[in-house]
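Containing PDB, C-alpha atoms and all ligand atoms: data.pdb.
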MODEL        1
ATOM      1  CA  MET A1378      -4.784   5.536  48.142
ATOM      2  CA  SER A1379      -1.368   4.637  46.934
ATOM      3  CA  GLU A1380       1.026   7.500  46.312
ATOM      4  CA  PHE A1381       2.217   6.044  43.082
ATOM      5  CA  LYS A1382       0.725   4.079  40.254
ATOM      6  CA  ARG A1383       1.412   0.367  40.156
ATOM      7  CA  PHE A1384       1.992  -0.916  36.629
ATOM      8  CA  ARG A1385       3.634  -4.181  37.450
ATOM      9  CA  CYS A1386       0.366  -6.007  38.143
ATOM     10  CA  ARG A1387      -0.311  -5.657  34.415
ATOM     11  CA  ARG A1388       2.838  -7.586  33.704
ATOM     12  CA  ALA A1389       2.649 -10.222  36.411
ATOM     13  CA  ASP A1390       1.928 -13.129  34.100
ATOM     14  CA  GLU A1391       1.117 -13.856  30.461
ATOM     15  CA  ALA A1392      -2.648 -13.556  31.019
ATOM     16  CA  ALA A1393      -2.204 -10.102  32.547
ATOM     17  CA  ARG A1394       0.167  -9.036  29.794
ATOM     18  CA  LEU A1395      -2.230 -10.225  27.103
ATOM     19  CA  LYS A1396      -5.091  -8.320  28.702
ATOM     20  CA  HIS A1397      -3.110  -5.109  28.489
ATOM     21  CA  ARG A1398      -1.499  -5.678  25.110
ATOM     22  CA  GLU A1399      -2.380  -2.989  22.568
ATOM     23  CA  THR A1400      -0.871  -4.311  19.357
ATOM     24  CA  PHE A1401      -1.210  -7.784  17.876
ATOM     25  CA  LEU A1402       0.247  -9.348  14.773
ATOM     26  CA  SER A1403      -2.031 -11.357  12.545
ATOM     27  CA  ALA A1404      -1.448 -13.341   9.375
ATOM     28  CA  ALA A1405      -3.547 -10.825   7.445
ATOM     29  CA  ASP A1406      -0.974  -8.111   8.162
ATOM     30  CA  PHE A1407       1.642  -9.674   5.935
ATOM     31  CA  ILE A1408       2.768  -9.560   2.332
ATOM     32  CA  TRP A1409       5.411 -12.095   1.292
ATOM     33  CA  PRO A1410       8.074 -10.939  -1.200
ATOM     34  CA  VAL A1411       8.989 -13.672  -3.694
ATOM     35  CA  PHE A1412      11.977 -13.630  -6.061
ATOM     36  CA  LEU A1413      11.252 -15.528  -9.252
ATOM     37  CA  VAL A1414      13.759 -17.104 -11.612
ATOM     38  CA  GLU A1415      13.326 -19.009 -14.843
ATOM     39  CA  GLY A1416      13.476 -22.800 -14.903
ATOM     40  CA  LYS A1417      11.938 -25.644 -12.932
ATOM     41  CA  GLY A1418      12.448 -27.140  -9.508
ATOM     42  CA  ILE A1419      14.637 -24.260  -8.360
ATOM     43  CA  ALA A1420      14.993 -23.043  -4.767
ATOM     44  CA  GLN A1421      18.232 -21.132  -4.769
ATOM     45  CA  ALA A1422      19.429 -19.820  -1.384
ATOM     46  CA  VAL A1423      20.293 -16.102  -1.212
ATOM     47  CA  PRO A1424      23.575 -16.082   0.730
ATOM     48  CA  ALA A1425      23.110 -12.640   2.286
ATOM     49  CA  MET A1426      19.632 -13.551   3.538
ATOM     50  CA  PRO A1427      19.518 -16.924   5.305
ATOM     51  CA  GLY A1428      16.078 -18.516   4.886
ATOM     52  CA  VAL A1429      15.328 -16.571   1.685
ATOM     53  CA  PHE A1430      15.298 -18.310  -1.693
ATOM     54  CA  ARG A1431      14.851 -17.503  -5.329
ATOM     55  CA  TYR A1432      12.155 -19.771  -6.704
ATOM     56  CA  SER A1433      11.105 -20.978 -10.103
ATOM     57  CA  ALA A1434       7.333 -20.654 -10.552
ATOM     58  CA  ASP A1435       6.656 -24.318  -9.696
ATOM     59  CA  THR A1436       8.590 -24.255  -6.411
ATOM     60  CA  ALA A1437       7.044 -20.897  -5.518
ATOM     61  CA  LEU A1438       3.630 -22.549  -5.899
ATOM     62  CA  LYS A1439       4.776 -25.367  -3.618
ATOM     63  CA  GLU A1440       5.834 -22.855  -0.952
ATOM     64  CA  LEU A1441       2.514 -21.072  -1.280
ATOM     65  CA  GLY A1442       0.821 -24.430  -0.755
ATOM     66  CA  LYS A1443       2.441 -24.462   2.706
ATOM     67  CA  LEU A1444       1.881 -20.797   3.587
ATOM     68  CA  VAL A1445      -1.679 -20.200   2.360
ATOM     69  CA  PRO A1446      -3.169 -22.693   4.871
ATOM     70  CA  LYS A1447      -1.318 -20.731   7.572
ATOM     71  CA  GLY A1448      -3.138 -17.574   6.563
ATOM     72  CA  LEU A1449      -0.959 -15.959   3.899
ATOM     73  CA  ARG A1450      -3.113 -13.588   1.851
ATOM     74  CA  SER A1451      -0.734 -11.548  -0.296
ATOM     75  CA  VAL A1452       2.457 -11.987  -2.255
ATOM     76  CA  LEU A1453       4.715  -9.425  -3.891
ATOM     77  CA  LEU A1454       6.525 -10.797  -6.940
ATOM     78  CA  PHE A1455       9.970  -9.788  -8.205
ATOM     79  CA  GLY A1456      11.442 -11.112 -11.450
ATOM     80  CA  VAL A1457      15.124 -12.014 -11.682
ATOM     81  CA  PRO A1458      15.685 -12.653 -15.407
ATOM     82  CA  LYS A1459      18.516 -14.675 -16.909
ATOM     83  CA  LYS A1460      18.841 -12.331 -19.832
ATOM     84  CA  LYS A1461      19.135  -8.594 -19.219
ATOM     85  CA  GLY A1462      17.211  -6.146 -21.383
ATOM     86  CA  VAL A1463      14.537  -3.628 -20.439
ATOM     87  CA  GLU A1464      12.072  -5.128 -22.963
ATOM     88  CA  GLN A1465      12.253  -8.419 -20.999
ATOM     89  CA  ALA A1466      10.337  -6.666 -18.229
ATOM     90  CA  TYR A1467       7.093  -6.396 -20.240
ATOM     91  CA  ARG A1468       7.197  -9.639 -22.186
ATOM     92  CA  ARG A1469       3.813 -11.318 -21.952
ATOM     93  CA  ASP A1470       5.587 -14.628 -21.341
ATOM     94  CA  GLY A1471       8.101 -13.170 -18.848
ATOM     95  CA  ILE A1472       8.856 -14.832 -15.501
ATOM     96  CA  VAL A1473       6.580 -12.594 -13.471
ATOM     97  CA  GLN A1474       3.741 -12.569 -16.010
ATOM     98  CA  LYS A1475       3.691 -16.376 -16.178
ATOM     99  CA  ALA A1476       3.889 -16.755 -12.388
ATOM    100  CA  ILE A1477       0.982 -14.324 -11.885
ATOM    101  CA  GLY A1478      -1.250 -16.497 -14.058
ATOM    102  CA  LEU A1479      -0.198 -19.710 -12.316
ATOM    103  CA  ILE A1480      -0.671 -18.328  -8.797
ATOM    104  CA  LYS A1481      -4.080 -16.797  -9.557
ATOM    105  CA  LYS A1482      -5.220 -20.083 -11.091
ATOM    106  CA  ARG A1483      -4.122 -22.208  -8.153
ATOM    107  CA  PHE A1484      -4.821 -19.722  -5.338
ATOM    108  CA  PRO A1485      -7.539 -17.352  -6.588
ATOM    109  CA  ALA A1486      -8.061 -15.843  -3.129
ATOM    110  CA  VAL A1487      -4.410 -14.828  -2.735
ATOM    111  CA  GLU A1488      -3.786 -11.203  -3.620
ATOM    112  CA  VAL A1489      -1.045 -11.093  -6.230
ATOM    113  CA  ILE A1490       0.946  -7.871  -6.202
ATOM    114  CA  SER A1491       3.755  -7.380  -8.711
ATOM    115  CA  ASP A1492       6.775  -5.185  -8.302
ATOM    116  CA  VAL A1493       6.960  -2.785 -11.226
ATOM    117  CA  CYS A1494      10.501  -1.672 -11.965
ATOM    118  CA  ILE A1495      13.194  -2.286 -14.501
ATOM    119  CA  CYS A1496      16.348  -2.369 -12.356
ATOM    120  CA  SER A1497      16.791  -6.148 -12.365
ATOM    121  CA  TYR A1498      16.223  -6.163 -16.167
ATOM    122  CA  ASN A1499      18.228  -3.054 -17.014
ATOM    123  CA  PRO A1500      21.887  -3.720 -17.926
ATOM    124  CA  THR A1501      22.841  -0.559 -15.976
ATOM    125  CA  GLY A1502      21.038  -1.821 -12.853
ATOM    126  CA  HIS A1503      19.226   1.508 -12.544
ATOM    127  CA  CYS A1504      15.475   1.979 -12.184
ATOM    128  CA  HIS A1505      15.341   4.317 -15.189
ATOM    129  CA  ILE A1506      16.520   4.525 -18.765
ATOM    130  CA  GLY A1507      17.982   7.995 -18.462
ATOM    131  CA  ASP A1508      14.905  10.134 -18.996
ATOM    132  CA  ASN A1509      12.139  10.372 -16.374
ATOM    133  CA  ASP A1510       9.164  10.540 -18.736
ATOM    134  CA  ARG A1511      10.379   7.892 -21.164
ATOM    135  CA  THR A1512      10.940   5.637 -18.148
ATOM    136  CA  CYS A1513       7.339   6.228 -17.054
ATOM    137  CA  ALA A1514       6.126   5.013 -20.452
ATOM    138  CA  VAL A1515       8.170   1.799 -20.053
ATOM    139  CA  LEU A1516       6.938   1.288 -16.483
ATOM    140  CA  ALA A1517       3.341   1.696 -17.681
ATOM    141  CA  GLU A1518       4.002  -1.077 -20.217
ATOM    142  CA  VAL A1519       5.418  -3.331 -17.474
ATOM    143  CA  ALA A1520       2.409  -2.658 -15.235
ATOM    144  CA  LEU A1521       0.030  -3.316 -18.124
ATOM    145  CA  SER A1522       1.669  -6.690 -18.849
ATOM    146  CA  HIS A1523       1.305  -7.694 -15.179
ATOM    147  CA  ALA A1524      -2.301  -6.502 -15.021
ATOM    148  CA  ALA A1525      -3.155  -8.338 -18.241
ATOM    149  CA  ALA A1526      -1.648 -11.506 -16.721
ATOM    150  CA  GLY A1527      -4.085 -11.195 -13.830
ATOM    151  CA  ALA A1528      -2.260  -9.237 -11.110
ATOM    152  CA  ASP A1529      -4.622  -7.763  -8.514
ATOM    153  CA  CYS A1530      -2.285  -4.918  -7.748
ATOM    154  CA  VAL A1531       0.876  -3.397  -9.224
ATOM    155  CA  ALA A1532       3.583  -1.832  -7.093
ATOM    156  CA  PRO A1533       5.843   0.702  -8.846
ATOM    157  CA  SER A1534       9.123   0.920  -6.921
ATOM    158  CA  ASP A1535      11.215   3.145  -9.180
ATOM    159  CA  MET A1536      10.566   6.615  -7.674
ATOM    160  CA  MET A1537      10.222   8.323 -11.075
ATOM    161  CA  ASP A1538       7.944  11.370 -11.032
ATOM    162  CA  GLY A1539       4.493  10.776 -12.502
ATOM    163  CA  ARG A1540       4.700   7.011 -12.879
ATOM    164  CA  VAL A1541       1.474   6.366 -10.986
ATOM    165  CA  PHE A1542      -0.292   8.785 -13.339
ATOM    166  CA  HIS A1543       1.114   7.044 -16.407
ATOM    167  CA  ILE A1544       0.359   3.547 -15.105
ATOM    168  CA  LYS A1545      -3.217   4.426 -14.149
ATOM    169  CA  LYS A1546      -3.818   5.965 -17.569
ATOM    170  CA  ARG A1547      -2.385   2.957 -19.415
ATOM    171  CA  LEU A1548      -4.414   0.495 -17.338
ATOM    172  CA  ARG A1549      -7.614   2.470 -17.962
ATOM    173  CA  GLU A1550      -6.952   2.564 -21.703
ATOM    174  CA  HIS A1551      -6.960  -1.237 -21.588
ATOM    175  CA  ASP A1552      -9.996  -1.504 -19.381
ATOM    176  CA  LEU A1553      -7.873  -2.627 -16.445
ATOM    177  CA  GLY A1554      -8.543   0.388 -14.209
ATOM    178  CA  ARG A1555      -9.740  -1.994 -11.483
ATOM    179  CA  VAL A1556      -6.168  -3.186 -10.924
ATOM    180  CA  ARG A1557      -4.941  -1.424  -7.823
ATOM    181  CA  ILE A1558      -1.744   0.569  -7.537
ATOM    182  CA  MET A1559       0.291   0.246  -4.350
ATOM    183  CA  SER A1560       3.088   2.712  -4.905
ATOM    184  CA  TYR A1561       6.412   2.938  -3.175
ATOM    185  CA  ALA A1562       5.598   6.574  -2.445
ATOM    186  CA  ALA A1563       8.371   7.223   0.038
ATOM    187  CA  LYS A1564      11.341   5.070  -0.832
ATOM    188  CA  PHE A1565      14.529   6.324   0.732
ATOM    189  CA  ALA A1566      18.074   6.031  -0.642
ATOM    190  CA  SER A1567      18.978   3.606   2.124
ATOM    191  CA  GLY A1568      21.962   1.516   3.065
ATOM    192  CA  PHE A1569      19.573  -1.193   4.276
ATOM    193  CA  TYR A1570      18.920  -2.554   0.764
ATOM    194  CA  GLY A1571      22.279  -4.313   0.360
ATOM    195  CA  PRO A1572      21.183  -7.972   0.689
ATOM    196  CA  PHE A1573      18.138  -7.391  -1.567
ATOM    197  CA  ARG A1574      20.399  -6.339  -4.421
ATOM    198  CA  ASP A1575      22.062  -9.709  -4.055
ATOM    199  CA  ALA A1576      18.710 -11.432  -4.249
ATOM    200  CA  ALA A1577      17.293  -9.443  -7.150
ATOM    201  CA  ASP A1578      20.601  -8.989  -8.943
ATOM    202  CA  CYS A1579      19.991  -5.270  -9.376
ATOM    203  CA  ALA A1580      22.964  -3.402  -7.909
ATOM    204  CA  PRO A1581      23.663  -0.343 -10.105
ATOM    205  CA  GLU A1582      26.699  -0.839 -12.323
ATOM    206  CA  SER A1583      27.863   2.661 -11.543
ATOM    207  CA  GLY A1584      26.647   5.541  -9.405
ATOM    208  CA  ASP A1585      23.851   5.272  -6.857
ATOM    209  CA  ARG A1586      20.108   5.874  -6.659
ATOM    210  CA  LYS A1587      20.262   9.175  -4.781
ATOM    211  CA  SER A1588      18.976  11.173  -7.757
ATOM    212  CA  TYR A1589      15.608   9.443  -7.573
ATOM    213  CA  GLN A1590      15.208   7.783  -4.181
ATOM    214  CA  MET A1591      14.496  10.100  -1.266
ATOM    215  CA  ASP A1592      16.968  11.761   1.054
ATOM    216  CA  PRO A1593      16.658   9.919   4.413
ATOM    217  CA  ALA A1594      16.650  13.309   6.150
ATOM    218  CA  ASN A1595      13.322  14.438   4.643
ATOM    219  CA  ARG A1596      10.025  14.035   6.436
ATOM    220  CA  ASP A1597       7.900  16.806   4.904
ATOM    221  CA  GLU A1598       8.958  15.810   1.424
ATOM    222  CA  ALA A1599       7.868  12.217   2.158
ATOM    223  CA  MET A1600       4.359  13.550   2.856
ATOM    224  CA  GLU A1601       4.434  15.475  -0.446
ATOM    225  CA  GLU A1602       5.487  12.338  -2.317
ATOM    226  CA  ILE A1603       2.681  10.334  -0.688
ATOM    227  CA  ARG A1604       0.069  12.998  -1.460
ATOM    228  CA  ALA A1605       1.201  13.141  -5.086
ATOM    229  CA  ASP A1606       0.921   9.363  -5.548
ATOM    230  CA  LEU A1607      -2.516   9.254  -3.918
ATOM    231  CA  ASP A1608      -3.656  12.144  -6.134
ATOM    232  CA  GLU A1609      -2.368  10.307  -9.211
ATOM    233  CA  GLY A1610      -4.446   7.243  -8.345
ATOM    234  CA  ALA A1611      -2.521   5.016  -5.928
ATOM    235  CA  GLU A1612      -4.912   3.255  -3.548
ATOM    236  CA  SER A1613      -2.252   2.417  -0.983
ATOM    237  CA  ILE A1614       1.313   3.544  -0.376
ATOM    238  CA  ILE A1615       4.546   1.939   0.747
ATOM    239  CA  ILE A1616       7.199   3.393   2.997
ATOM    240  CA  LYS A1617      10.578   1.735   2.537
ATOM    241  CA  PRO A1618      12.600   0.891   4.625
ATOM    242  CA  ALA A1619      10.555   0.509   7.818
ATOM    243  CA  LEU A1620      12.661   0.536  10.974
ATOM    244  CA  SER A1621      14.624   3.736  10.506
ATOM    245  CA  TYR A1622      11.465   5.408   9.170
ATOM    246  CA  LEU A1623       8.872   4.614  11.849
ATOM    247  CA  ASP A1624       8.189   8.350  12.244
ATOM    248  CA  ILE A1625       7.323   8.559   8.542
ATOM    249  CA  ILE A1626       4.944   5.584   8.879
ATOM    250  CA  CYS A1627       3.309   7.192  11.906
ATOM    251  CA  ARG A1628       2.894  10.556  10.221
ATOM    252  CA  ALA A1629       1.630   9.047   6.964
ATOM    253  CA  LYS A1630      -1.053   7.123   8.849
ATOM    254  CA  GLN A1631      -2.105  10.253  10.732
ATOM    255  CA  ASN A1632      -2.138  12.481   7.645
ATOM    256  CA  PHE A1633      -3.825  10.235   5.088
ATOM    257  CA  SER A1634      -6.783   7.939   5.639
ATOM    258  CA  ARG A1635      -5.373   5.334   3.314
ATOM    259  CA  PRO A1636      -3.672   1.979   3.755
ATOM    260  CA  VAL A1637      -0.036   2.425   4.738
ATOM    261  CA  VAL A1638       2.283  -0.457   3.926
ATOM    262  CA  ALA A1639       5.773  -0.720   5.409
ATOM    263  CA  TYR A1640       8.607  -2.621   3.773
ATOM    264  CA  ASN A1641      10.708  -4.421   6.383
ATOM    265  CA  VAL A1642      13.742  -4.562   4.098
ATOM    266  CA  SER A1643      16.550  -7.046   3.574
ATOM    267  CA  GLY A1644      19.108  -5.195   5.715
ATOM    268  CA  GLU A1645      16.647  -5.095   8.605
ATOM    269  CA  TYR A1646      16.081  -8.829   8.182
ATOM    270  CA  ALA A1647      19.827  -9.559   8.086
ATOM    271  CA  MET A1648      20.398  -7.316  11.109
ATOM    272  CA  VAL A1649      17.835  -9.172  13.245
ATOM    273  CA  LEU A1650      19.299 -12.503  12.178
ATOM    274  CA  ALA A1651      22.845 -11.413  12.952
ATOM    275  CA  LEU A1652      21.871 -10.206  16.411
ATOM    276  CA  SER A1653      19.799 -13.316  17.188
ATOM    277  CA  GLY A1654      22.373 -15.784  15.959
ATOM    278  CA  GLY A1655      20.262 -17.184  13.110
ATOM    279  CA  LEU A1656      16.673 -17.502  11.906
ATOM    280  CA  LYS A1657      15.790 -20.290  14.365
ATOM    281  CA  LYS A1658      16.644 -18.101  17.349
ATOM    282  CA  SER A1659      15.152 -14.899  15.972
ATOM    283  CA  ALA A1660      11.511 -15.219  17.124
ATOM    284  CA  HIS A1661      11.747 -12.655  19.926
ATOM    285  CA  LEU A1662      13.544  -9.964  17.925
ATOM    286  CA  MET A1663      11.436 -10.689  14.855
ATOM    287  CA  GLU A1664       8.211 -10.210  16.787
ATOM    288  CA  GLU A1665       9.434  -7.052  18.503
ATOM    289  CA  THR A1666      10.557  -5.598  15.180
ATOM    290  CA  LEU A1667       7.302  -6.366  13.380
ATOM    291  CA  ILE A1668       5.186  -5.105  16.297
ATOM    292  CA  SER A1669       7.102  -1.827  16.286
ATOM    293  CA  ILE A1670       6.230  -1.347  12.617
ATOM    294  CA  LYS A1671       2.561  -2.093  13.195
ATOM    295  CA  ARG A1672       2.439   0.054  16.333
ATOM    296  CA  ALA A1673       3.877   2.957  14.344
ATOM    297  CA  GLY A1674       0.807   2.776  12.102
ATOM    298  CA  ALA A1675       1.486   0.336   9.284
ATOM    299  CA  ASP A1676      -1.638  -1.482   8.102
ATOM    300  CA  ARG A1677       0.373  -4.097   6.246
ATOM    301  CA  ILE A1678       3.990  -5.234   6.376
ATOM    302  CA  ILE A1679       6.084  -6.630   3.539
ATOM    303  CA  SER A1680       8.688  -8.864   5.157
ATOM    304  CA  TYR A1681      11.093 -11.716   4.502
ATOM    305  CA  PHE A1682      10.044 -12.992   7.926
ATOM    306  CA  VAL A1683       6.614 -13.952   6.583
ATOM    307  CA  PRO A1684       7.164 -17.758   6.534
ATOM    308  CA  ALA A1685       8.643 -17.604  10.057
ATOM    309  CA  VAL A1686       5.988 -15.282  11.437
ATOM    310  CA  LEU A1687       3.134 -17.370  10.001
ATOM    311  CA  GLU A1688       4.699 -20.401  11.642
ATOM    312  CA  MET A1689       4.907 -18.527  14.942
ATOM    313  CA  LEU A1690       1.300 -17.319  14.717
ATOM    314  CA  SER A1691      -0.045 -20.760  13.857
ATOM    315  CA  GLU A1692       1.828 -22.252  16.837
ATOM    316  CA  LYS A1693       0.301 -19.645  19.162
ATOM    317  CA  LYS A1694      -3.259 -20.551  18.133
TER     318      LYS A1694
HETATM  319 ZN    ZN A1701      14.224  -0.476  -9.270
ENDMDL
END

Now, as a test, write the supplied structure out as structure tokens.
Amino acid sequence: MSEFKRFRCRRADEAARLKHRETFLSAADFIWPVFLVEGKGIAQAVPAMPGVFRYSADTALKELGKLVPKGLRSVLLFGVPKKKGVEQAYRRDGIVQKAIGLIKKRFPAVEVISDVCICSYNPTGHCHIGDNDRTCAVLAEVALSHAAAGADCVAPSDMMDGRVFHIKKRLREHDLGRVRIMSYAAKFASGFYGPFRDAADCAPESGDRKSYQMDPANRDEAMEEIRADLDEGAESIIIKPALSYLDIICRAKQNFSRPVVAYNVSGEYAMVLALSGGLKKSAHLMEETLISIKRAGADRIISYFVPAVLEMLSEKK
């Protein structure tokens, strides 16, 4: 008998490596975030995030026409309005509301998830209107307008206390209790959101979001936040960002038998691109990054890499 264990035979060639691989990415793991603007025929590049665009509803549908055949199952919609004003966020003919209807009509099998927040509509750029409970009432209105437009799932990202409770109640009052809530239960006050704020035009005019988003140092509190959202009626929870919070993802999956979704945020995307020297050369780092998130315990991953990863997975078939 050998005096030491030989691992290298497991890595000798691709067949051996595949046989021993424990974690695989699949198209069903992914949720594609889409930034929507008003107008027609628009695909506006986001400078801080090469390969990411803001789409008008018609061009978003065109992109979906390419990605759905490659296995895309879920989208997460963000509205970037021309005109600021909190009331714009729950207009029945708003950008997001209209896009939800169009996507569900054309791609009924695609799960349409809508981001529920007011920061890109609010002139202050904050996710609240000053008071926690009044904000919850507004968020419930936003969620209701998305649900009424046909969203399968609403995703409150504001980190106000009690918003899942208020949204659930409002949806039930309108007989829309079947619409799922995927809450950003543990959203940290992170420096990795920079490029997103460019894309969604939602940088706070003054101050920061530390009075509502979580302190990156807190692990136990993240579990409390998750428990509270699940108790209030969320059916799945999001941890955001992903890479610096893999321990939170791991612990959430161990503690709660519920779907855990990780948000691979804009700064993480930009970081991988910067290190790889561009999107075209990023396949290796992209795959390693996404695998690490799944290995940590995420059931689903929201990522700007979705078009690239679907391309990679369809090439591997
Ligand atoms: Zn917000």

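Restricting the calculation to all atoms listed in the file, the smallest distance between Ile1615 of chain A and any of A:Leu1413, A:Leu1687, A:Ala1562, A:Ile1678 is found for A:Ala1562.
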
Exercise for the section: Give as a ChimeraX atom specification the residues that the PyMOL selection byres (((chain A and resi 1572-1580) around 12) and not hetatm) matches when applied to the coordinates above. Expected result: /A:1410-1414,1421-1432,1454-1461,1492,1494-1504,1567-1571,1581-1586,1618,1640-1648,1680-1681

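Counting all atoms listed in the file and comparing A:Val1541, A:Asp1552, A:Arg1672, A:Val1637, the residue that lies closest to Asp1608 of chain A is A:Val1541.
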
Problem - Result set, the PyMOL selection byres (((chain A and resi 1435) around 9) and not hetatm) on current file, as a list in words - result: Gly1416, Lys1417, Gly1418, Ile1419, Tyr1432, Ser1433, Ala1434, Thr1436, Ala1437, Leu1438, Lys1439, Glu1440, Ala1476 and Leu1479 of chain A

Exercise for the section: Would you list the residues near (7.7, -14.0, 8.7), meaning any protein, DNA or RNA residue with an atom at most 9 Å from that point in file coordinates, counting all atoms listed in the file, as number ranges by chain? Expected result: A: 1407, 1409, 1663-1664, 1667, 1680-1689

Write out, as a JSON list (two decimals), in the coordinates of the input, the residues just selected, with C-alpha atoms.
[["chain", "number", "residue", "atom", "x", "y", "z"],
["A", 1407, "PHE", "CA", 1.64, -9.67, 5.94],
["A", 1409, "TRP", "CA", 5.41, -12.10, 1.29],
["A", 1663, "MET", "CA", 11.44, -10.69, 14.86],
["A", 1664, "GLU", "CA", 8.21, -10.21, 16.79],
["A", 1667, "LEU", "CA", 7.30, -6.37, 13.38],
["A", 1680, "SER", "CA", 8.69, -8.86, 5.16],
["A", 1681, "TYR", "CA", 11.09, -11.72, 4.50],
["A", 1682, "PHE", "CA", 10.04, -12.99, 7.93],
["A", 1683, "VAL", "CA", 6.61, -13.95, 6.58],
["A", 1684, "PRO", "CA", 7.16, -17.76, 6.53],
["A", 1685, "ALA", "CA", 8.64, -17.60, 10.06],
["A", 1686, "VAL", "CA", 5.99, -15.28, 11.44],
["A", 1687, "LEU", "CA", 3.13, -17.37, 10.00],
["A", 1688, "GLU", "CA", 4.70, -20.40, 11.64],
["A", 1689, "MET", "CA", 4.91, -18.53, 14.94]]

Handout entry: Of the listed residues A:Ala1486, A:Ile1477, A:Val1463, A:Ile1668, that which approaches ligand ZN 1701 (chain A) most closely, counting all atoms listed in the file
Key = A:Val1463

Exercise for the section: Kindly resolve the PyMOL selection byres (((chain A and resi 1516) around 10) and not hetatm) on the present coordinates and return the residues as a list in words. Expected result: Val1463, Ala1466, Tyr1467, Val1493, Cys1494, Ile1495, Cys1504, His1505, Asp1510, Arg1511, Thr1512, Cys1513, Ala1514, Val1515, Ala1517, Glu1518, Val1519, Ala1520, Leu1521, Ser1522, Pro1533, Ser1534, Asp1535, Met1537, Arg1540, Val1541, His1543, Ile1544 and Arg1547 of chain A

Exercise for the section: Could you jot down the atom CA of Glu1692 of chain A to atom CA of Cys1386 of chain A separation for me, Å, one decimal place? Expected result: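 A separation of 26.8 Å between them.
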
Problem - Nearest residue to Thr1666 of chain A from the set A:Leu1623, A:Ala1526, A:Leu1690, A:Ala1629 (distances using all atoms listed in the file) - result: A:Leu1623

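Ranking A:Phe1484, A:Glu1598, A:Leu1650, A:Lys1546 by their shortest atom-to-atom distance to Lys1443 of chain A, with all atoms listed in the file included, puts A:Phe1484 first.
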
Handout entry: Residue nearest ligand ZN 1701 (chain A) - candidates A:Met1536, A:Ala1393, A:Ala1599, A:Ile1626, atoms counted: only C-alpha atoms and all ligand atoms
Key =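 Checking each candidate against ligand ZN 1701 (chain A), we get A:Met1536 as the closest.
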
Practice task
Could you please determine the separation between atom CA of Ala1525 of chain A and atom CA of Ser1613 of chain A in Å, to one decimal place?
Solution key: 20.4 Å

May I have the centre and edge lengths, in Å to one decimal, of an axis-aligned box around the listed atoms of segment 1379-1392 of chain A with 6 Å added to every side, as JSON?
{"center_x": 0.5, "center_y": -3.2, "center_z": 38.7, "size_x": 18.3, "size_y": 33.4, "size_z": 28.5}

Practice task
May I ask for the distance between atom CA of Ile1616 of chain A and atom CA of Ala1563 of chain A, given in Å to one decimal place?
Solution key: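 Atom CA of Ile1616 of chain A sits 5.0 Å away from atom CA of Ala1563 of chain A.
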
Exercise for the section: Can you pull out every residue within 12 Å of segment 1395-1400 of chain A, counting all atoms listed in the file, but drop anything in the same chain fewer than 6 positions away, and send it as a PyMOL selection string? Expected result: chain A and resi 1384-1389+1406+1664-1665+1667-1676

Handout entry: For Ile1558 of chain A: contacts at 7 Å, all atoms listed in the file, fewer than 6 positions along chain excluded, given as a PyMOL selection string
Key = chain A and resi 1530-1532+1611-1613

Could you take the residues named above and write them with C-alpha atoms, as a PDB file, keeping the file's coordinate frame?
ATOM      1  CA  CYS A1530      -2.285  -4.918  -7.748  1.00  0.00           C
ATOM      2  CA  VAL A1531       0.876  -3.397  -9.224  1.00  0.00           C
ATOM      3  CA  ALA A1532       3.583  -1.832  -7.093  1.00  0.00           C
ATOM      4  CA  ALA A1611      -2.521   5.016  -5.928  1.00  0.00           C
ATOM      5  CA  GLU A1612      -4.912   3.255  -3.548  1.00  0.00           C
ATOM      6  CA  SER A1613      -2.252   2.417  -0.983  1.00  0.00           C
TER       7      SER A1613
END
